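Undergrad: Hey, dropping upload32.txt in here, compact mmCIF, C-alpha atoms:
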```txt
# COMPACT_ATOMS: atom_id res chain seq x y z
CA MET Y 163 0.00 0.00 0.00
CA ASN Y 164 1.28 3.40 -0.96
CA ARG Y 165 -0.13 6.63 0.47
CA LEU Y 166 0.17 9.60 -1.87
CA PRO Y 167 -0.35 13.04 -0.39
CA LEU Y 168 -2.98 14.98 -2.33
CA GLU Y 169 -3.18 18.38 -0.70
CA ARG Y 170 -5.79 20.28 -2.62
CA LYS Y 171 -9.33 21.56 -2.40
CA ILE Y 172 -12.07 19.09 -3.30
CA LEU Y 173 -13.63 21.79 -5.47
CA SER Y 174 -10.33 22.77 -7.08
CA GLU Y 175 -11.82 22.60 -10.59
CA ASN Y 176 -14.62 24.99 -9.57
CA ASP Y 177 -12.06 27.21 -7.83
CA ARG Y 178 -9.91 27.31 -10.98
CA VAL Y 179 -12.85 28.58 -13.09
CA ALA Y 180 -13.82 31.01 -10.31
CA ALA Y 181 -10.28 32.41 -10.16
CA ALA Y 182 -10.35 33.04 -13.93
CA LEU Y 183 -13.70 34.83 -13.58
CA ARG Y 184 -12.38 36.93 -10.68
CA GLU Y 185 -9.42 37.92 -12.83
CA ARG Y 186 -11.78 39.03 -15.66
CA PHE Y 187 -14.00 41.00 -13.26
CA LEU Y 188 -10.94 42.72 -11.81
CA HIS Y 189 -9.49 43.48 -15.24
CA GLN Y 190 -12.80 44.97 -16.48
CA GLY Y 191 -13.52 46.81 -13.23
CA VAL Y 192 -16.77 44.93 -12.62
CA LEU Y 193 -17.85 44.51 -9.00
CA CYS Y 194 -19.45 41.08 -8.80
CA VAL Y 195 -21.44 40.19 -5.68
CA ASN Y 196 -23.08 36.86 -4.85
CA LEU Y 197 -26.37 37.15 -2.93
CA ILE Y 198 -27.23 34.14 -0.81
CA SER Y 199 -30.26 33.53 1.42
CA SER Y 200 -33.17 31.23 2.18
CA PRO Y 201 -35.99 31.24 -0.36
CA GLY Y 202 -38.32 34.18 0.25
CA SER Y 203 -35.95 36.49 2.12
CA GLY Y 204 -36.38 39.17 -0.54
CA LYS Y 205 -33.30 38.90 -2.79
CA THR Y 206 -35.27 39.58 -5.97
CA THR Y 207 -37.14 42.57 -4.53
CA LEU Y 208 -33.86 44.00 -3.22
CA LEU Y 209 -32.42 43.59 -6.72
CA GLU Y 210 -35.48 45.26 -8.27
CA ARG Y 211 -34.87 48.29 -6.08
CA THR Y 212 -31.16 48.16 -6.81
CA LEU Y 213 -31.61 47.93 -10.57
CA SER Y 214 -34.10 50.77 -10.61
CA ALA Y 215 -31.35 52.91 -9.06
CA PHE Y 216 -28.76 51.67 -11.56
CA ALA Y 217 -31.06 51.91 -14.59
CA VAL Y 218 -29.88 55.47 -15.22
CA THR Y 219 -26.31 54.40 -15.90
CA GLY Y 220 -27.25 51.12 -17.57
CA ARG Y 221 -24.05 49.54 -16.31
CA ALA Y 222 -25.40 46.74 -14.11
CA ALA Y 223 -26.51 43.20 -14.87
CA VAL Y 224 -27.99 40.21 -13.05
CA LEU Y 225 -27.60 36.46 -13.25
CA THR Y 226 -30.38 34.90 -11.25
CA GLY Y 227 -30.50 31.24 -10.25
CA ASP Y 228 -33.47 29.01 -9.54
CA LEU Y 229 -34.30 25.36 -10.00
CA GLN Y 230 -37.10 26.16 -12.44
CA THR Y 231 -38.90 29.08 -14.20
CA GLU Y 232 -37.91 32.41 -15.74
CA ASN Y 233 -40.04 34.30 -13.19
CA ASP Y 234 -37.23 36.18 -11.43
CA ALA Y 235 -35.55 37.19 -14.69
CA GLU Y 236 -38.88 38.49 -15.99
CA ARG Y 237 -39.34 40.59 -12.85
CA LEU Y 238 -35.86 42.04 -13.21
CA ARG Y 239 -35.94 42.66 -16.98
CA LYS Y 240 -38.32 45.59 -16.77
CA PHE Y 241 -35.42 47.94 -16.03
CA GLY Y 242 -33.91 47.38 -19.47
CA LEU Y 243 -30.66 46.03 -18.05
CA PRO Y 244 -29.10 42.69 -19.02
CA VAL Y 245 -30.66 39.87 -16.97
CA LYS Y 246 -30.29 36.15 -17.45
CA GLN Y 247 -32.01 33.33 -15.64
CA ILE Y 248 -29.90 30.31 -14.76
CA THR Y 249 -32.20 27.34 -14.27
CA THR Y 250 -30.22 24.63 -12.55
CA GLY Y 251 -32.73 21.81 -13.05
CA GLY Y 252 -32.42 20.26 -9.63
CA THR Y 253 -29.09 21.60 -8.44
CA CYS Y 254 -29.27 23.42 -5.12
CA HIS Y 255 -26.54 26.00 -5.84
CA LEU Y 256 -24.77 27.85 -8.67
CA ASP Y 257 -21.22 26.87 -9.59
CA ALA Y 258 -18.49 28.80 -11.39
CA ARG Y 259 -19.00 26.98 -14.71
CA MET Y 260 -22.66 28.06 -14.85
CA ILE Y 261 -21.55 31.68 -14.38
CA GLU Y 262 -18.84 31.35 -17.04
CA ARG Y 263 -21.30 29.84 -19.51
CA HIS Y 264 -23.98 32.46 -18.96
CA LEU Y 265 -21.49 35.32 -19.36
CA GLU Y 266 -20.34 34.11 -22.77
CA ASP Y 267 -22.28 36.62 -24.88
CA TRP Y 268 -22.07 39.57 -22.48
CA ARG Y 269 -19.50 42.30 -22.80
CA LEU Y 270 -18.11 42.84 -19.33
CA GLU Y 271 -16.54 46.15 -20.33
CA ASN Y 272 -20.09 47.58 -20.52
CA LEU Y 273 -20.71 46.78 -16.83
CA ASP Y 274 -19.81 48.30 -13.48
CA TYR Y 275 -21.81 45.84 -11.37
CA LEU Y 276 -22.77 42.21 -11.75
CA PHE Y 277 -25.26 40.82 -9.26
CA ILE Y 278 -25.54 37.07 -8.87
CA GLU Y 279 -28.73 35.97 -7.16
CA ASN Y 280 -27.97 32.46 -5.96
CA VAL Y 281 -30.49 29.65 -5.59
CA GLY Y 282 -32.53 30.19 -2.39
CA ASN Y 283 -30.62 28.00 0.05
CA LEU Y 284 -28.55 28.88 3.11
CA VAL Y 285 -26.34 25.79 2.94
CA CYS Y 286 -24.92 24.65 -0.39
CA PRO Y 287 -24.13 27.98 -2.11
CA ALA Y 288 -21.65 28.67 0.70
CA SER Y 289 -19.28 26.02 -0.68
CA TYR Y 290 -18.99 27.38 -4.22
CA ASP Y 291 -16.74 30.26 -5.20
CA LEU Y 292 -18.27 32.05 -8.21
CA GLY Y 293 -15.42 34.51 -8.68
CA GLU Y 294 -17.35 37.19 -6.77
CA ALA Y 295 -15.71 40.06 -4.91
CA ALA Y 296 -17.97 39.33 -1.93
CA LYS Y 297 -20.65 36.96 -0.77
CA ILE Y 298 -23.59 38.78 0.76
CA VAL Y 299 -26.06 36.99 3.00
CA VAL Y 300 -29.63 38.27 3.13
CA LEU Y 301 -31.72 37.44 6.21
CA SER Y 302 -35.28 38.70 6.60
CA VAL Y 303 -36.90 39.53 9.92
CA THR Y 304 -39.62 36.94 9.31
CA GLU Y 305 -36.97 34.24 9.79
CA GLY Y 306 -35.49 33.28 13.15
CA GLU Y 307 -32.78 35.35 14.83
CA ASP Y 308 -30.86 32.12 15.43
CA LYS Y 309 -30.37 31.40 11.70
CA PRO Y 310 -26.69 32.45 11.89
CA LEU Y 311 -26.08 29.83 14.59
CA LYS Y 312 -28.01 27.14 12.72
CA TYR Y 313 -26.35 27.84 9.36
CA PRO Y 314 -22.95 29.23 10.37
CA SER Y 315 -21.10 28.51 7.15
CA ILE Y 316 -22.65 31.22 4.99
CA PHE Y 317 -22.56 33.81 7.79
CA PHE Y 318 -18.88 32.98 8.24
CA LYS Y 319 -18.08 33.41 4.55
CA ALA Y 320 -20.24 36.47 3.79
CA GLU Y 321 -18.71 39.93 3.97
CA LEU Y 322 -22.03 41.68 4.50
CA LEU Y 323 -25.31 40.81 6.20
CA VAL Y 324 -28.37 42.51 4.75
CA LEU Y 325 -31.19 42.35 7.30
CA ASN Y 326 -34.20 42.70 5.08
CA LYS Y 327 -37.90 43.52 5.58
CA VAL Y 328 -37.20 45.74 8.62
CA ASP Y 329 -40.56 47.46 7.93
CA LEU Y 330 -42.14 44.31 9.41
CA LEU Y 331 -40.31 44.59 12.75
CA PRO Y 332 -43.34 46.00 14.64
CA TYR Y 333 -45.39 42.96 13.61
CA VAL Y 334 -43.01 40.05 14.19
CA PRO Y 335 -41.29 38.73 17.32
CA PHE Y 336 -37.82 39.22 15.85
CA ASP Y 337 -35.05 40.61 18.05
CA ILE Y 338 -32.81 42.36 15.56
CA GLU Y 339 -29.97 43.00 18.03
CA ASP Y 340 -30.01 39.34 18.96
CA ALA Y 341 -29.82 38.36 15.28
CA ILE Y 342 -26.83 40.68 14.74
CA ASP Y 343 -25.12 39.35 17.89
CA ASN Y 344 -25.61 35.79 16.61
CA ALA Y 345 -24.20 36.67 13.19
CA ARG Y 346 -21.18 38.32 14.82
CA MET Y 347 -20.67 35.30 17.06
CA VAL Y 348 -20.14 33.26 13.92
CA HIS Y 349 -18.30 36.06 12.13
CA PRO Y 350 -16.82 38.70 14.44
CA GLY Y 351 -17.00 42.17 12.92
CA LEU Y 352 -19.42 41.21 10.12
CA GLU Y 353 -20.82 44.33 8.43
CA VAL Y 354 -24.60 44.72 8.72
CA ILE Y 355 -27.08 46.88 6.79
CA ARG Y 356 -30.77 47.07 7.78
CA VAL Y 357 -32.97 47.35 4.74
CA SER Y 358 -36.59 47.49 3.73
CA SER Y 359 -36.90 47.07 -0.01
CA LEU Y 360 -40.55 48.07 0.37
CA THR Y 361 -40.10 51.44 2.12
CA GLY Y 362 -36.60 52.12 0.84
CA HIS Y 363 -35.11 52.17 4.35
CA GLY Y 364 -31.37 51.47 4.23
CA LEU Y 365 -31.14 51.43 0.44
CA SER Y 366 -28.83 54.43 0.36
CA GLU Y 367 -26.52 52.65 2.78
CA TRP Y 368 -26.67 49.53 0.58
CA SER Y 369 -25.85 51.50 -2.53
CA ALA Y 370 -23.01 53.33 -0.71
CA TRP Y 371 -21.58 49.93 0.32
CA LEU Y 372 -21.62 48.76 -3.30
CA LYS Y 373 -19.98 51.97 -4.52
CA GLN Y 374 -17.32 51.78 -1.85
CA ARG Y 375 -16.54 48.15 -2.74
CA ARG Y 376 -16.33 49.03 -6.43
CA SER Y 377 -13.91 51.90 -5.71
CA ALA Y 378 -11.75 49.45 -3.77
CA LEU Y 379 -11.88 47.03 -6.71
CA LEU Y 380 -10.92 49.77 -9.20
CA LYS Y 381 -7.98 50.64 -6.99
CA SER Y 382 -6.73 47.06 -7.21
CA THR Y 383 -7.44 47.05 -10.97
CA ALA Y 384 -5.19 50.11 -11.30
CA GLU Y 385 -2.50 48.46 -9.18
CA THR Y 386 -2.65 45.31 -11.32
CA VAL Y 387 -2.30 47.28 -14.54
CA ALA Y 388 0.46 49.54 -13.19
CA MET L 71 -27.79 18.73 0.05
CA HIS L 72 -24.89 19.11 -2.38
CA GLU L 73 -22.95 16.14 -1.00
CA MET L 74 -23.52 14.19 -4.22
CA GLY L 75 -21.65 16.85 -6.19
CA ILE L 76 -18.88 16.89 -3.59
CA ALA L 77 -18.62 13.07 -3.69
CA ASN L 78 -18.38 13.21 -7.46
CA SER L 79 -15.60 15.82 -7.29
CA ILE L 80 -13.68 13.55 -4.90
CA LEU L 81 -13.95 10.63 -7.33
CA GLU L 82 -12.82 12.81 -10.26
CA ALA L 83 -9.77 13.88 -8.26
CA VAL L 84 -8.98 10.26 -7.37
CA ARG L 85 -9.23 9.22 -11.03
CA ALA L 86 -6.98 12.07 -12.14
CA GLU L 87 -4.43 11.29 -9.45
CA SER L 88 -4.33 7.54 -9.99
CA ALA L 89 -3.96 8.01 -13.75
CA ARG L 90 -0.49 9.31 -12.93
CA TYR L 91 0.46 5.93 -11.47
CA PRO L 92 -0.16 3.30 -14.11
CA GLY L 93 -0.14 -0.26 -12.81
CA SER L 94 -1.81 0.65 -9.52
CA ARG L 95 -5.36 1.16 -8.36
CA PRO L 96 -6.73 3.51 -5.71
CA VAL L 97 -8.10 1.79 -2.60
CA LYS L 98 -8.66 4.65 -0.17
CA VAL L 99 -9.07 8.41 -0.23
CA GLY L 100 -8.72 10.79 2.69
CA VAL L 101 -10.59 14.09 2.94
CA ARG L 102 -10.72 16.85 5.52
CA LEU L 103 -14.04 18.48 6.36
CA GLY L 104 -14.16 21.56 8.54
CA GLU L 105 -17.14 22.20 10.80
CA LEU L 106 -17.76 25.42 8.82
CA ALA L 107 -17.75 23.70 5.44
CA ALA L 108 -21.49 22.98 5.47
CA ILE L 109 -20.99 19.33 4.51
CA ASP L 110 -22.67 16.54 6.42
CA PRO L 111 -20.17 13.66 6.77
CA ASP L 112 -22.85 10.95 6.91
CA SER L 113 -24.57 12.28 3.84
CA LEU L 114 -21.22 12.50 2.04
CA ARG L 115 -20.43 8.87 2.95
CA PHE L 116 -23.83 7.78 1.67
CA CYS L 117 -23.39 9.58 -1.67
CA PHE L 118 -19.81 8.40 -2.01
CA GLU L 119 -20.79 4.76 -1.51
CA ALA L 120 -23.67 5.07 -3.95
CA LEU L 121 -21.39 6.49 -6.64
CA VAL L 122 -18.53 4.04 -6.06
CA ALA L 123 -20.62 0.86 -6.09
CA GLY L 124 -20.34 -0.87 -9.46
CA SER L 125 -18.10 1.89 -10.88
CA ASP L 126 -14.47 1.65 -11.98
CA LEU L 127 -13.62 2.65 -8.38
CA ASP L 128 -15.71 -0.09 -6.75
CA GLY L 129 -14.40 -0.81 -3.25
CA LEU L 130 -12.75 2.59 -2.78
CA VAL L 131 -12.85 3.58 0.91
CA LEU L 132 -13.53 7.12 2.10
CA GLU L 133 -11.84 8.34 5.26
CA ILE L 134 -13.15 11.62 6.65
CA GLU L 135 -11.17 13.72 9.08
CA GLU L 136 -13.43 16.28 10.72
CA THR L 137 -11.66 19.46 11.71
CA ARG L 138 -12.67 22.06 14.27
CA ARG L 139 -12.74 25.82 14.06
CA LYS L 140 -9.44 27.29 15.22
CA HIS L 141 -8.45 30.86 15.91
CA HIS L 142 -5.05 32.51 16.21
CA CYS L 143 -4.40 34.99 18.99
CA ARG L 144 -2.48 38.04 17.78
CA GLU L 145 -1.61 39.06 21.33
CA CYS L 146 0.26 35.96 22.46
CA GLY L 147 0.45 33.80 19.32
CA THR L 148 -1.60 30.90 20.67
CA ASP L 149 -3.71 28.84 18.25
CA PHE L 150 -6.83 27.45 19.93
CA VAL L 151 -9.98 25.48 19.16
CA VAL L 152 -13.16 27.56 19.34
CA THR L 153 -16.08 25.95 21.11
CA GLN L 154 -19.52 27.49 21.43
CA PHE L 155 -18.36 30.64 19.61
CA ASN L 156 -16.03 31.50 22.45
CA PHE L 157 -13.23 33.51 20.84
CA GLU L 158 -11.34 34.20 24.07
CA CYS L 159 -7.74 33.05 23.99
CA PRO L 160 -7.23 30.42 26.72
CA GLN L 161 -3.72 31.79 27.43
CA CYS L 162 -4.06 35.58 27.59
CA HIS L 163 -7.88 36.01 27.40
CA ALA L 164 -7.72 38.44 24.46
CA LEU L 165 -10.50 38.12 21.87
CA SER L 166 -9.38 36.74 18.55
CA ARG L 167 -11.08 37.35 15.18
CA ASP L 168 -8.51 35.46 13.14
CA CYS L 169 -9.99 32.16 12.04
CA ILE L 170 -7.21 29.89 10.76
CA ALA L 171 -9.01 26.56 10.36
CA GLY L 172 -12.44 24.98 10.24
CA ASP L 173 -13.73 25.56 6.71
CA GLU L 174 -11.65 22.83 5.04
CA LEU L 175 -13.14 20.97 2.10
CA GLU L 176 -9.93 19.30 1.08
CA LEU L 177 -8.41 16.12 -0.20
CA SER L 178 -5.53 14.93 1.92
CA TYR L 179 -4.31 11.66 0.37
CA VAL L 180 -4.98 8.73 -1.92
CA GLU L 181 -3.79 5.23 -1.13
CA VAL L 182 -2.94 3.05 -4.11
CA GLU L 183 -2.16 -0.62 -4.39
CA GLU L 184 0.09 -2.13 -7.01
CA ASP L 185 -1.86 -4.31 -9.39
CA GLU L 186 -1.04 -8.01 -8.96
CA PRO L 187 1.77 -8.74 -11.39
CA VAL L 188 0.64 -11.31 -13.93
CA ALA L 189 2.97 -14.25 -13.40
CA LEU L 190 4.21 -15.71 -16.65
CA GLY L 191 3.65 -19.34 -15.54
CA THR L 192 -0.05 -18.85 -14.95
CA GLN L 193 -0.77 -17.35 -18.35
CA ASN L 194 -2.61 -19.54 -20.78
CA SER L 195 -0.50 -20.29 -23.72
```
Can you dump the structure from the file as C-alpha cells?
TA:
Amino acid sequence: MNRLPLERKILSENDRVAAALRERFLHQGVLCVNLISSPGSGKTTLLERTLSAFAVTGRAAVLTGDLQTENDAERLRKFGLPVKQITTGGTCHLDARMIERHLEDWRLENLDYLFIENVGNLVCPASYDLGEAAKIVVLSVTEGEDKPLKYPSIFFKAELLVLNKVDLLPYVPFDIEDAIDNARMVHPGLEVIRVSSLTGHGLSEWSAWLKQRRSALLKSTAETVA
Amino acid sequence: MHEMGIANSILEAVRAESARYPGSRPVKVGVRLGELAAIDPDSLRFCFEALVAGSDLDGLVLEIEETRRKHHCRECGTDFVVTQFNFECPQCHALSRDCIAGDELELSYVEVEEDEPVALGTQNS
C-alpha cells in the first residue's frame, strides 16, 4: 500500500474557473457580488430596487438562479438592463461553470456591477466560489434570529449581512440586536445593513456599500495594470 | 444537500491522481471536512458509496477527518480550538477574530495498491 499526499481543495476545478472569472472582473472593473439567502428572504425585490437605481447608468446586470422558471428574470428585466435566468434543473446552488457559460455573450466592459442571485438555500451555495468580490447573506426579519447559529457557514463566509424587511419589525417577534449578535458570534465584525426594499429604508446605505466596494476594486485594478 | 456533487468531485480527483500511477489502483481516499464547510459527513459517505458501487472505483474507501474551528491569537500567538463561539484566547484572554481553520473541504491523500503482477507461468498459452 502506498499513500500519496494529495493536498488540494475538493472543489479545485470549480475554484480554478472562479479564479479566472475573478481575474476578468478585476481586469474589467466589474464589481461582482453573490447574494445568498433562504428562499423568500427578498433577494429579488432588493435587486429590483437596486436595478431601478442603476437603470440610469445602464451599467449593471444580473444572473439569477433558480431550479425552475424564468419568473425572477422576468421581474428584473423591466429595467432594461441585461438579466439572465440560470435554471439549474435540480441543483441546489450555482457553480463557477454556470456563471462562465452564462457570461459568454455579455461584454463585461459595458458593466460596473454584476449581481448574482444564488439559488434560495442557506447551505450549499456557501461552498462554491463564483469569482465574486464578496458573498452577501440576506436574512429577513420573518426568519429566526438564530439562523446564523443554525447555518454558520454562509454567515462565516459572507462579507455583508443585509437584514431585510425591517418594515415588518413592529409585527413580528424578531429581536434584531439578537440576530446581529448571533451573526457576529459566527463572524466577528461582520458588516450589517438594515434594509426594507418596500419602504426604501437602508437602500442608500446599501448603494453606498456597493460603490465603496467598487472603488476598492478599481484601486486594485489600477494596481494590477500599473 | 450538495454532497452528491462533492462526492463526485472527490472521485474525479482520485481518477486524475491515480492516472499518474499506471499499474496501480486507488483503494482509499482521505478528505478533511471543517465544521464550517457545510458538509454533512454521513450524507457524504452515503453519496460516495452510492457512486462508487459498481463503478471503476468499486471498493474505494472514504476516510473523513473532521476538523474544528481554530483561531489565532495576535496578542500571544496561541492557536486554539473555538467551542460554542467563544473567541477568548485560553492563554491571555484576548479576543481573537482570526480564524485559521475549520472551513476545510480538502483532499488529503490517496492510497494506491500495485496491481497483482501477472505471473508468466499462470498465463494460458
Undergrad: Between chain L and chain Y, at 8 Å or less, what are the per-residue closest atom pairs and their distances in Å? Count all atoms listed in the file, order by chain and rising residue number, and return it as a Markdown table.
TA:
```
| residue | atom | partner | partner_atom | distance |
| --- | --- | --- | --- | --- |
| L:Met71 | CA | Y:Cys286 | CA | 6.6 |
| L:His72 | CA | Y:Cys286 | CA | 5.9 |
| L:Ile76 | CA | Y:Ile172 | CA | 7.2 |
| L:Ser79 | CA | Y:Ile172 | CA | 6.3 |
| L:Ile80 | CA | Y:Ile172 | CA | 6.0 |
| L:Ala83 | CA | Y:Ile172 | CA | 7.6 |
| L:Leu106 | CA | Y:Ser315 | CA | 4.8 |
| L:Ala107 | CA | Y:Ser315 | CA | 6.1 |
| L:Ala108 | CA | Y:Ser315 | CA | 5.8 |
| L:Phe155 | CA | Y:Met347 | CA | 5.8 |
| L:Arg167 | CA | Y:Pro350 | CA | 5.9 |
| L:Asp173 | CA | Y:Ser315 | CA | 8.0 |
| L:Glu174 | CA | Y:Lys171 | CA | 7.9 |
| L:Leu175 | CA | Y:Ile172 | CA | 5.8 |
| L:Glu176 | CA | Y:Lys171 | CA | 4.2 |
| L:Leu177 | CA | Y:Arg170 | CA | 5.5 |
| L:Ser178 | CA | Y:Glu169 | CA | 4.9 |
| L:Tyr179 | CA | Y:Pro167 | CA | 4.3 |
| L:Val180 | CA | Y:Leu166 | CA | 5.2 |
| L:Glu181 | CA | Y:Arg165 | CA | 4.2 |
| L:Val182 | CA | Y:Asn164 | CA | 5.3 |
| L:Glu183 | CA | Y:Met163 | CA | 4.9 |
| L:Glu184 | CA | Y:Met163 | CA | 7.3 |
```
Undergrad: Select, from Y:Leu360, Y:Leu372, Y:Gly306, Y:Glu294, the residue with the minimum atom-to-atom distance to Glu185 in chain Y, counting only C-alpha atoms.
TA: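 Residue with the minimum atom-to-atom distance to Glu185 in chain Y: Y:Glu294.
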Undergrad: Env of Cys146 in chain L: 12 Å cut, atoms = only C-alpha atoms, seq-sep filter 5 positions within chain, self excluded. Answer as a list in words.
TA: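 After dropping sequence-adjacent residues, the list is Glu158, Cys159, Pro160, Gln161, Cys162, His163, Ala164, Leu165 and Ser166 of chain L.
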Undergrad: Between CA of Leu188 in chain Y and CA of Gly104 in chain L, what is the distance in Å, rounded to a tenth?
TA: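 Computing it gives 29.5 Å between the two atoms.
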Undergrad: Find the spatial neighbours of Val357 in chain Y, counting all atoms listed in the file, within a cut-off of 9 Å - ignore same-chain residues fewer than 3 positions away - and output them as JSON, numbers by chain.
TA: {"Y": [208, 324, 325, 326, 327, 328, 329, 360, 361, 362, 363, 364, 365, 367, 368]}
Undergrad: Using only C-alpha atoms, determine which residues lie at most 8 Å from Leu273 in chain Y, disregarding the query and same-chain residues fewer than 6 positions distant; provide the list as a PyMOL selection string.
TA: chain Y and resi 192+220-223
Undergrad: Name the residues in contact with Lys140 in chain L at a cut-off of 6 Å, using only C-alpha atoms, excluding same-chain residues fewer than 2 positions from it; report them as a list in words.
TA: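 Within the cut-off, the hits are Phe150, Val151, Val152, Cys169, Ile170 and Ala171 of chain L.
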Undergrad: Would you mind reading off the distance between CA of Glu385 in chain Y and CA of Gln190 in chain Y, one decimal, in Å?
TA: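 Computing the Euclidean distance for CA of Glu385 in chain Y and CA of Gln190 in chain Y yields 13.1 Å.
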Undergrad: Counting all atoms listed in the file, select every polymer residue within 9 Å of (-11.1, 11.4, 7.4) as defined in the file's coordinates, and provide the selection as a PDB file with C-alpha atoms, in the coordinates of the input.
TA:
```pdb
ATOM      1  CA  VAL L  99      -9.070   8.410  -0.230  1.00  0.00           C
ATOM      2  CA  GLY L 100      -8.720  10.790   2.690  1.00  0.00           C
ATOM      3  CA  VAL L 101     -10.590  14.090   2.940  1.00  0.00           C
ATOM      4  CA  ARG L 102     -10.720  16.850   5.520  1.00  0.00           C
ATOM      5  CA  LEU L 103     -14.040  18.480   6.360  1.00  0.00           C
ATOM      6  CA  LEU L 132     -13.530   7.120   2.100  1.00  0.00           C
ATOM      7  CA  GLU L 133     -11.840   8.340   5.260  1.00  0.00           C
ATOM      8  CA  ILE L 134     -13.150  11.620   6.650  1.00  0.00           C
ATOM      9  CA  GLU L 135     -11.170  13.720   9.080  1.00  0.00           C
ATOM     10  CA  GLU L 136     -13.430  16.280  10.720  1.00  0.00           C
ATOM     11  CA  SER L 178      -5.530  14.930   1.920  1.00  0.00           C
TER      12      SER L 178
END
```
Undergrad: At what distance in Å, to one decimal, does CA of Trp371 in chain Y lie from CA of Phe241 in chain Y?
TA: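 Interatomic distance, CA of Phe241 in chain Y to CA of Trp371 in chain Y: 21.5 Å.
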Undergrad: Could you give me, as a ChimeraX atom specification, the residues within 9 Å of Val224 in chain Y, counting only C-alpha atoms and dropping anything in the same chain fewer than 5 positions from it?
TA: /Y:209,213,235,238,243-247,275-279
Undergrad: So, with all atoms listed in the file as the atoms that count, which of L:Thr137, L:Asn156, L:Ser88, L:Asn78 lies closest to Cys117 in chain L?
TA: L:Asn78
Undergrad: Between L:Ala89, L:Phe118, L:Glu105, L:Cys143, which is the closest to Gly75 in chain L once you count all atoms listed in the file?
TA: L:Phe118
Undergrad: Each side padded by 8 Å, which centre and which edge lengths in Å (one decimal) define the axis-aligned box around the listed atoms of range 211-223 of chain Y? Give them as AutoDock Vina command-line options.
TA:
```
--center_x -29.5 --center_y 49.3 --center_z -11.8 --size_x 26.8 --size_y 28.3 --size_z 27.5
```
Undergrad: So, with only C-alpha atoms as the atoms that count, which of L:Glu87, L:Asp126, L:Asp168, L:Glu73 lies closest to Leu114 in chain L?
TA: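 Once distances to Leu114 in chain L are computed over only C-alpha atoms, the minimum belongs to L:Glu73.
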